[in-house]
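To keep things clear, I will list the structure first and then write my remarks on it.
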Amino acid sequence: MNPPASQSEETVRILVVDDHPNTAATLARALSQLGPHVEAISAVNGAEAFEKVKDKAVDIIFTDMIMPEMTGLELIEKLQNHPGGRPSYAYLITAYDVPGLKVSAQRLKVNEVIIKPARPEKICQIAETAIGELKHAANPTGKKSSAKRKFKILVADDVMDNVTLLTRYLEYEGYDQVIARDGQEALNKIRDEMPDLILLDVNMPNKDGFTVLEEVRSDYAIAHIPIIILTAARLDPSDVQSGLNLGADDYVTKPFDRHELMARIRTKLRVKEAEDATRRRNRELNLLPEISKQLSARLDTKELADVLLKRTAETLGAAQANMCLLDDEKGIVEKCKVVLSQAGENIDLAPPTQLIQHVRDTRQGLVIDDAINDPLLLANARAAIRSAIVAPIFGRHSLLGIISLFHEQEGYFTNEHLSLLQAIAGQAAIAIENARLYSTVLQEQKKVAVVVKHATEAILLFDEQENLTLLNPAGEKLFPPHSIKLNHPLPAEQGYDDLLKLIESARASQMSATSELRWADQREFTAFISPTENGGTVVILHDVSRFKDLERVKNEFIATASHDLRNPLTSVKGYAQMLFQAGPLNGRQKEFVEHIENAVKSMSELIQNMMDLAKTDLDAAQKHETLDLGKILSEVVNEFAPQAKSRNQSLRYTPPAAPVQIYGDALRLRQAFRNLLGNAIKYTPQGGIIQASLSADKNKATVLFKDNGYGIPAADLPFIFNRFYRIRSGKTADIEGSGLGLAIVKAAIVEHGGSINVESEVGKGASFSVSLPFVKTEIQTEVSQ
């Protein structure tokens with residue numbers, strides 16, 4: 001400790017620095033109430049603080065770390081060269097528990113780094129202790145020492161006069177005393193009382209001092225206690241040497257100087273206190289890896305809590321340790337406790353709502369010195385606990401729970417305990433999230449196992465070496481008994497070659513794929529194949545044989561029925577036309593005949609459309625050849641020009657700059673363009689504009705049909721290429737149509753390896769864009785150039 005800047009009867013000057021004016025002023029007022037000789041000075045930054053005390057001596061300083069212009073450490077360093085003398089006690093207050101900061105603080109001889117939140121009561125308690133030590137240092141021969149805690153000293157001597165004298169001196173210095181009158185009693189009380197220091201006489205009954213010394217040093221539990229030999233009988237240098245060799249920390253002969261003995265005792269106690277702190281810190285530091293190791297081996301939260309609470313309570317000396325696990329929606333979902341003493345038997349396991357909310361808001365733990373009266377805890381007085389320490393368990397996204405330790409002594413827990421508990425809570429958070437994740441994964445695995453087991457589709461999983469590692473019951477039915485083995489590849493040339501090729505293709509491209517597949521027994525499957533993250537492949541086979549058969553029967557029926565319907569319609573149309581030749585018809589009769597002819601025309605178009613789709617579904621042979629796409633489009637536009645003119649519409653065509661050739665079926669493409677252009681005219685009101693254009697780039701030809709008609713609602717756009725789909729809303733509701741035209745268009749375009757896209761807005765028209773790959777001929781090459 002540095003020499004005090006002021007004497008004990010003079011004013012003790014305390015400097016408080018915080019960049020929040022209210023905090024600094026409030027703390028200064030609280031400190032000034034510690035006594036009539038206490039002067040507290042507040043400042044909001046380092047420069048102001050230095051200016052206020054430039055002509056004064058400062059005994060104690062409390063300063064925040066983070067301040068504008070000058071940090072708390074910089075201010076402390078500057079005051080150490082202060083003309084009025086360096087502060088005897090310096091305390092740094094910070095919100096960040098950074099190891100490097102503590103090292104820097106120790107280098108500047110900062111007495112303590114206080115981690116926020118730091119309550120005024122705690123600051124006042126620290127200041128009061130420092131003031132007492134200042135007075136004691138200024139007058140070491142005065143009354144009792146104001147030590148932070150009372151040391152316990154065992155006096156072992158068989159002469160009562162010596163015991164009385166020593167205990168009087170020790171009581172005057174403020175020490176607690178334990179008395180033993182012989183060697184065996186001394187050993188028993190050392191083990192029972194665990195004193196901080198032993199004053200040991202040599203000549204005693206039962207066991208002499210050297211024997212006691214030897215046994216103490218051989219017992220690991222008490223070997224660390226300092227021992228001062230105090231004797232009037234063994235004064236020979238060889239005796240002194242023997243005592244020191246046996247492990248005595250000091251050797252004092254009687255008669256002794258009282259002040260010298262007290263000074264030696266203080267020296268040994270300081271050393272012992274430092275060693276105790278080191279041992280305690282090492283024990284606490286060893287707790288973290290031990291707990292981490294034990295937690296990592298457990299995936300059940302109840303087991304995890306029991307291990308964590310027991311080890312933590314034992315290390316920190318708590319009467320009881322509690323843990324409650326929280327859920328954002330359900331609140332407290334699980335409670336655990338470990339009781340190490342009767343003081344903790346009546347403690348409520350569930351922390352109060354206000355305490356949970358406090359740690360959730362501040363995201364920090366806290367030390368509660370008075371557990372009964374603290375508004376956040378308000379512990380039951382019957383529980384006989386007087387102090388507590390609380391640490392939140394924060395996960396990645398929310399508060400997972402709270403750890404609480406309790407002790408029967410008021411003010412037992414310190415900020416060091418809190419730092420350790422916070423570190424333990426961090427380990428607990430990882431373990432709890434892992435346990436919950438494991439539980440979730442386990443539940444999901446069970447669900448997936450049930451789905452896979454009862455799925456009607458065959459599911460096969462292959463590893464990176466193409467070994468079959470999983471096969472569900474539906475998949476087992478695909479293979480003859482005993483023909484395949486798990487963890488082996490599928491055999492080649494056994495009817496599975498097409499599947500093996502698909503798997504190899506998906507592995508090579510690292511992309512999912514869907515394909516049609518014919519099995520060895522001629523069944524047809526839709527195969528979905530997808531690579532997995534670990535290099536394997538998952539295959540799902542859906543049996544579509546029945547649907548394929550039904551589709552084939554349906555298409556054959558439509559084709560046959562459509563063909564058979566043509567003959568009666570031809571007869572109806574012929575007889576309707578012959579009515580005009582049978583004799584003159586009046587106006588009403590002519591109207592009826594026109595209705596018949598229109599109905600026949602609509603039916604013929606519907607039958608033709610159904611036959612075209614049936615041919616597509618039945619993979620009817622097509623005639624593909626090199627085509628001049630511009631010529632086909634021009635012919636279609638000219639074909640519909642009269643119809644557009646009759647509706648007073650403007651039909652415009654923009655031909656390409658040079659011939660555009662593709663390889664395709666002229667009939668199918670002509671039909672697709674007719675349907676698109678016919679729809680544009682049909683769904684555009686009189687006086688509207690329809691535009692057709694053809695363009696080409698290096699890879700494809702693009703045909704565009706654009707109108708300013710009624711447009712297509714956004715809700716209908718995804719379905720307009722479905723068969724028999726009609727838009728039955730707005731101005732288009734009464735327009736006749738089969739709902740097959742666009743389905744035929746898409747089928748024809750897809751057959752040619754192309755694509756079709758549509759853009760539309762109600763009231764502004766629609767735009768259909770058809771992209772077709774072309775054949776690179778000499779003519780096309782010239783166009784590209």
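Within each chain, counting starts at residue 1; across the structure tokens, chains are named A, B, ... in the order shown, with ligands numbered 1 upward in that order.
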Pick out each residue of region 456-491 of chain A that DSSP on the backbone tags as helix (DSSP H, G or I); I need them as a VMD selection string.
-> chain A and resid 473 to 476
For the selection just defined, write its residues with N, CA and C atoms to a file, as a PDB file, in the first residue's frame.
```pdb
ATOM      1  N   PRO A 473     -39.159 -50.331 -47.145  1.00  0.00           N
ATOM      2  CA  PRO A 473     -39.940 -51.516 -47.526  1.00  0.00           C
ATOM      3  C   PRO A 473     -40.478 -51.463 -48.950  1.00  0.00           C
ATOM      4  N   ALA A 474     -40.937 -50.269 -49.406  1.00  0.00           N
ATOM      5  CA  ALA A 474     -41.425 -50.172 -50.791  1.00  0.00           C
ATOM      6  C   ALA A 474     -40.302 -50.441 -51.782  1.00  0.00           C
ATOM      7  N   GLY A 475     -39.075 -50.039 -51.435  1.00  0.00           N
ATOM      8  CA  GLY A 475     -37.943 -50.296 -52.311  1.00  0.00           C
ATOM      9  C   GLY A 475     -37.557 -51.761 -52.343  1.00  0.00           C
ATOM     10  N   GLU A 476     -37.723 -52.440 -51.208  1.00  0.00           N
ATOM     11  CA  GLU A 476     -37.370 -53.858 -51.167  1.00  0.00           C
ATOM     12  C   GLU A 476     -38.196 -54.673 -52.143  1.00  0.00           C
TER      13      GLU A 476
END
```
Give me the residues within 9 Å of Leu154 (chain A) as a PyMOL selection string, counting only C-alpha atoms and dropping any in the same chain fewer than 4 places off.
-> chain A and resi 176-180+186+189-190+193-200
Writer output for current selection, N, CA and C atoms, as a short mmCIF file (atom, residue, chain, number, x, y, z; two decimals), in the first residue's frame:
```cif
data_model
loop_
_atom_site.label_atom_id
_atom_site.label_comp_id
_atom_site.auth_asym_id
_atom_site.auth_seq_id
_atom_site.Cartn_x
_atom_site.Cartn_y
_atom_site.Cartn_z
N ASP A 176 -9.28 -13.20 15.42
CA ASP A 176 -9.95 -14.24 16.21
C ASP A 176 -8.91 -15.24 16.69
N GLN A 177 -9.18 -15.85 17.86
CA GLN A 177 -8.19 -16.77 18.42
C GLN A 177 -8.81 -18.14 18.71
N VAL A 178 -7.97 -19.17 18.52
CA VAL A 178 -8.31 -20.53 18.90
C VAL A 178 -7.17 -21.03 19.78
N ILE A 179 -7.52 -21.70 20.88
CA ILE A 179 -6.51 -22.09 21.88
C ILE A 179 -6.38 -23.60 21.93
N ALA A 180 -5.13 -24.08 21.98
CA ALA A 180 -4.85 -25.51 22.20
C ALA A 180 -3.74 -25.62 23.24
N ALA A 186 -3.84 -29.45 19.50
CA ALA A 186 -3.51 -28.51 18.43
C ALA A 186 -3.80 -29.12 17.06
N LYS A 189 -7.62 -29.28 16.46
CA LYS A 189 -8.24 -27.99 16.20
C LYS A 189 -7.77 -27.39 14.87
N ILE A 190 -6.56 -27.72 14.48
CA ILE A 190 -6.10 -27.26 13.16
C ILE A 190 -6.99 -27.85 12.07
N GLU A 193 -10.79 -26.33 12.74
CA GLU A 193 -11.00 -24.89 12.65
C GLU A 193 -10.36 -24.27 11.40
N MET A 194 -9.39 -24.94 10.83
CA MET A 194 -8.66 -24.42 9.67
C MET A 194 -8.23 -22.97 9.89
N PRO A 195 -7.37 -22.70 10.87
CA PRO A 195 -6.94 -21.33 11.15
C PRO A 195 -6.11 -20.75 10.00
N ASP A 196 -5.97 -19.42 10.00
CA ASP A 196 -5.17 -18.77 8.98
C ASP A 196 -3.68 -18.80 9.32
N LEU A 197 -3.35 -18.93 10.62
CA LEU A 197 -1.94 -18.95 11.04
C LEU A 197 -1.86 -19.68 12.38
N ILE A 198 -0.71 -20.32 12.64
CA ILE A 198 -0.51 -21.07 13.88
C ILE A 198 0.72 -20.52 14.61
N LEU A 199 0.50 -20.14 15.88
CA LEU A 199 1.61 -19.80 16.78
C LEU A 199 1.88 -21.05 17.61
N LEU A 200 3.02 -21.70 17.39
CA LEU A 200 3.25 -23.05 17.92
C LEU A 200 4.42 -23.07 18.89
#
```
Identify all residues of region 291-359 of chain A in strand (DSSP E or B) (DSSP on the backbone) and supply them as a count of residues only.
-> 17
As a check of understanding: the span from CA of Gly765 (chain A) to CA of Arg674 (chain A) is 18.1 Å
What is the CA of Leu325 (chain A) to CA of Gln443 (chain A) distance in Å?
->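 CA of Leu325 (chain A) sits 20.1 Å away from CA of Gln443 (chain A).
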Give the answer as one residue: which of A:Ser88, A:Leu490, A:Gly247, A:Arg523 has the shortest atom-to-atom distance to Ala127 (chain A), using only C-alpha atoms?
-> A:Ser88
Name the residues in contact with region 706-715 of chain A at a cut-off of 9 Å, using only C-alpha atoms, excluding same-chain residues fewer than 6 positions from it; report them as number ranges by chain.
-> A: 677, 680-685, 688-693, 727, 729-732, 759-769
Would you export the selected residues with N, CA and C atoms as a PDB file, in the first residue's frame, please?
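Saved to selection.pdb:
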```
ATOM      1  N   LEU A 677     -52.074 -15.968 -82.658  1.00  0.00           N
ATOM      2  CA  LEU A 677     -52.562 -14.784 -83.365  1.00  0.00           C
ATOM      3  C   LEU A 677     -54.084 -14.726 -83.304  1.00  0.00           C
ATOM      4  N   ALA A 680     -55.037 -13.361 -79.994  1.00  0.00           N
ATOM      5  CA  ALA A 680     -54.782 -11.926 -79.915  1.00  0.00           C
ATOM      6  C   ALA A 680     -55.909 -11.137 -80.558  1.00  0.00           C
ATOM      7  N   ILE A 681     -56.404 -11.604 -81.721  1.00  0.00           N
ATOM      8  CA  ILE A 681     -57.509 -10.909 -82.398  1.00  0.00           C
ATOM      9  C   ILE A 681     -58.803 -11.060 -81.606  1.00  0.00           C
ATOM     10  N   LYS A 682     -59.034 -12.290 -81.085  1.00  0.00           N
ATOM     11  CA  LYS A 682     -60.280 -12.574 -80.374  1.00  0.00           C
ATOM     12  C   LYS A 682     -60.392 -11.756 -79.090  1.00  0.00           C
ATOM     13  N   TYR A 683     -59.268 -11.588 -78.365  1.00  0.00           N
ATOM     14  CA  TYR A 683     -59.309 -10.929 -77.050  1.00  0.00           C
ATOM     15  C   TYR A 683     -58.855  -9.470 -77.103  1.00  0.00           C
ATOM     16  N   THR A 684     -58.881  -8.882 -78.308  1.00  0.00           N
ATOM     17  CA  THR A 684     -58.604  -7.449 -78.460  1.00  0.00           C
ATOM     18  C   THR A 684     -59.858  -6.787 -79.006  1.00  0.00           C
ATOM     19  N   PRO A 685     -60.338  -5.729 -78.383  1.00  0.00           N
ATOM     20  CA  PRO A 685     -61.580  -5.091 -78.862  1.00  0.00           C
ATOM     21  C   PRO A 685     -61.382  -4.438 -80.228  1.00  0.00           C
ATOM     22  N   GLY A 688     -58.390  -2.175 -81.923  1.00  0.00           N
ATOM     23  CA  GLY A 688     -57.144  -2.455 -81.213  1.00  0.00           C
ATOM     24  C   GLY A 688     -55.965  -2.702 -82.154  1.00  0.00           C
ATOM     25  N   ILE A 689     -54.798  -2.928 -81.544  1.00  0.00           N
ATOM     26  CA  ILE A 689     -53.567  -3.128 -82.314  1.00  0.00           C
ATOM     27  C   ILE A 689     -52.954  -4.468 -81.942  1.00  0.00           C
ATOM     28  N   ILE A 690     -52.616  -5.272 -82.959  1.00  0.00           N
ATOM     29  CA  ILE A 690     -51.924  -6.550 -82.759  1.00  0.00           C
ATOM     30  C   ILE A 690     -50.613  -6.495 -83.537  1.00  0.00           C
ATOM     31  N   GLN A 691     -49.534  -6.848 -82.873  1.00  0.00           N
ATOM     32  CA  GLN A 691     -48.222  -6.804 -83.513  1.00  0.00           C
ATOM     33  C   GLN A 691     -47.574  -8.188 -83.459  1.00  0.00           C
ATOM     34  N   ALA A 692     -46.969  -8.578 -84.588  1.00  0.00           N
ATOM     35  CA  ALA A 692     -46.201  -9.826 -84.662  1.00  0.00           C
ATOM     36  C   ALA A 692     -44.800  -9.472 -85.163  1.00  0.00           C
ATOM     37  N   SER A 693     -43.785 -10.129 -84.577  1.00  0.00           N
ATOM     38  CA  SER A 693     -42.418  -9.836 -85.009  1.00  0.00           C
ATOM     39  C   SER A 693     -41.566 -11.088 -84.860  1.00  0.00           C
ATOM     40  N   ILE A 727     -60.559 -18.347 -68.776  1.00  0.00           N
ATOM     41  CA  ILE A 727     -60.671 -17.176 -67.899  1.00  0.00           C
ATOM     42  C   ILE A 727     -62.105 -16.700 -67.957  1.00  0.00           C
ATOM     43  N   SER A 729     -63.913 -14.210 -66.301  1.00  0.00           N
ATOM     44  CA  SER A 729     -64.117 -12.998 -65.516  1.00  0.00           C
ATOM     45  C   SER A 729     -63.959 -11.797 -66.427  1.00  0.00           C
ATOM     46  N   GLY A 730     -64.540 -10.674 -66.046  1.00  0.00           N
ATOM     47  CA  GLY A 730     -64.376  -9.431 -66.785  1.00  0.00           C
ATOM     48  C   GLY A 730     -64.998  -9.497 -68.178  1.00  0.00           C
ATOM     49  N   LYS A 731     -64.352  -8.831 -69.119  1.00  0.00           N
ATOM     50  CA  LYS A 731     -64.886  -8.697 -70.482  1.00  0.00           C
ATOM     51  C   LYS A 731     -64.693  -9.954 -71.316  1.00  0.00           C
ATOM     52  N   THR A 732     -63.903 -10.911 -70.846  1.00  0.00           N
ATOM     53  CA  THR A 732     -63.637 -12.116 -71.635  1.00  0.00           C
ATOM     54  C   THR A 732     -64.571 -13.262 -71.280  1.00  0.00           C
ATOM     55  N   GLU A 759     -46.421 -12.103 -70.635  1.00  0.00           N
ATOM     56  CA  GLU A 759     -46.524 -10.962 -69.747  1.00  0.00           C
ATOM     57  C   GLU A 759     -47.836 -10.258 -70.040  1.00  0.00           C
ATOM     58  N   SER A 760     -48.540  -9.869 -69.002  1.00  0.00           N
ATOM     59  CA  SER A 760     -49.848  -9.258 -69.236  1.00  0.00           C
ATOM     60  C   SER A 760     -50.256  -8.400 -68.059  1.00  0.00           C
ATOM     61  N   GLU A 761     -51.084  -7.414 -68.391  1.00  0.00           N
ATOM     62  CA  GLU A 761     -51.683  -6.558 -67.370  1.00  0.00           C
ATOM     63  C   GLU A 761     -53.099  -6.263 -67.799  1.00  0.00           C
ATOM     64  N   VAL A 762     -54.043  -6.441 -66.891  1.00  0.00           N
ATOM     65  CA  VAL A 762     -55.460  -6.258 -67.213  1.00  0.00           C
ATOM     66  C   VAL A 762     -55.700  -4.842 -67.740  1.00  0.00           C
ATOM     67  N   GLY A 763     -56.390  -4.775 -68.903  1.00  0.00           N
ATOM     68  CA  GLY A 763     -56.705  -3.487 -69.499  1.00  0.00           C
ATOM     69  C   GLY A 763     -55.623  -2.946 -70.417  1.00  0.00           C
ATOM     70  N   LYS A 764     -54.439  -3.584 -70.432  1.00  0.00           N
ATOM     71  CA  LYS A 764     -53.348  -3.076 -71.271  1.00  0.00           C
ATOM     72  C   LYS A 764     -52.852  -4.099 -72.293  1.00  0.00           C
ATOM     73  N   GLY A 765     -53.380  -5.309 -72.261  1.00  0.00           N
ATOM     74  CA  GLY A 765     -53.013  -6.282 -73.263  1.00  0.00           C
ATOM     75  C   GLY A 765     -52.085  -7.359 -72.749  1.00  0.00           C
ATOM     76  N   ALA A 766     -51.618  -8.190 -73.717  1.00  0.00           N
ATOM     77  CA  ALA A 766     -50.754  -9.325 -73.380  1.00  0.00           C
ATOM     78  C   ALA A 766     -49.647  -9.445 -74.411  1.00  0.00           C
ATOM     79  N   SER A 767     -48.541 -10.073 -73.985  1.00  0.00           N
ATOM     80  CA  SER A 767     -47.401 -10.267 -74.882  1.00  0.00           C
ATOM     81  C   SER A 767     -46.902 -11.706 -74.692  1.00  0.00           C
ATOM     82  N   PHE A 768     -46.957 -12.511 -75.794  1.00  0.00           N
ATOM     83  CA  PHE A 768     -46.480 -13.894 -75.777  1.00  0.00           C
ATOM     84  C   PHE A 768     -45.173 -13.963 -76.564  1.00  0.00           C
ATOM     85  N   SER A 769     -44.131 -14.479 -75.902  1.00  0.00           N
ATOM     86  CA  SER A 769     -42.804 -14.575 -76.513  1.00  0.00           C
ATOM     87  C   SER A 769     -42.431 -16.042 -76.661  1.00  0.00           C
TER      88      SER A 769
END
```
Please measure the separation of CA of Leu134 (chain A) and CA of Glu39 (chain A), giving the value in Å to one decimal.
->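 Spanning CA of Leu134 (chain A) to CA of Glu39 (chain A) is a straight-line distance of 14.6 Å.
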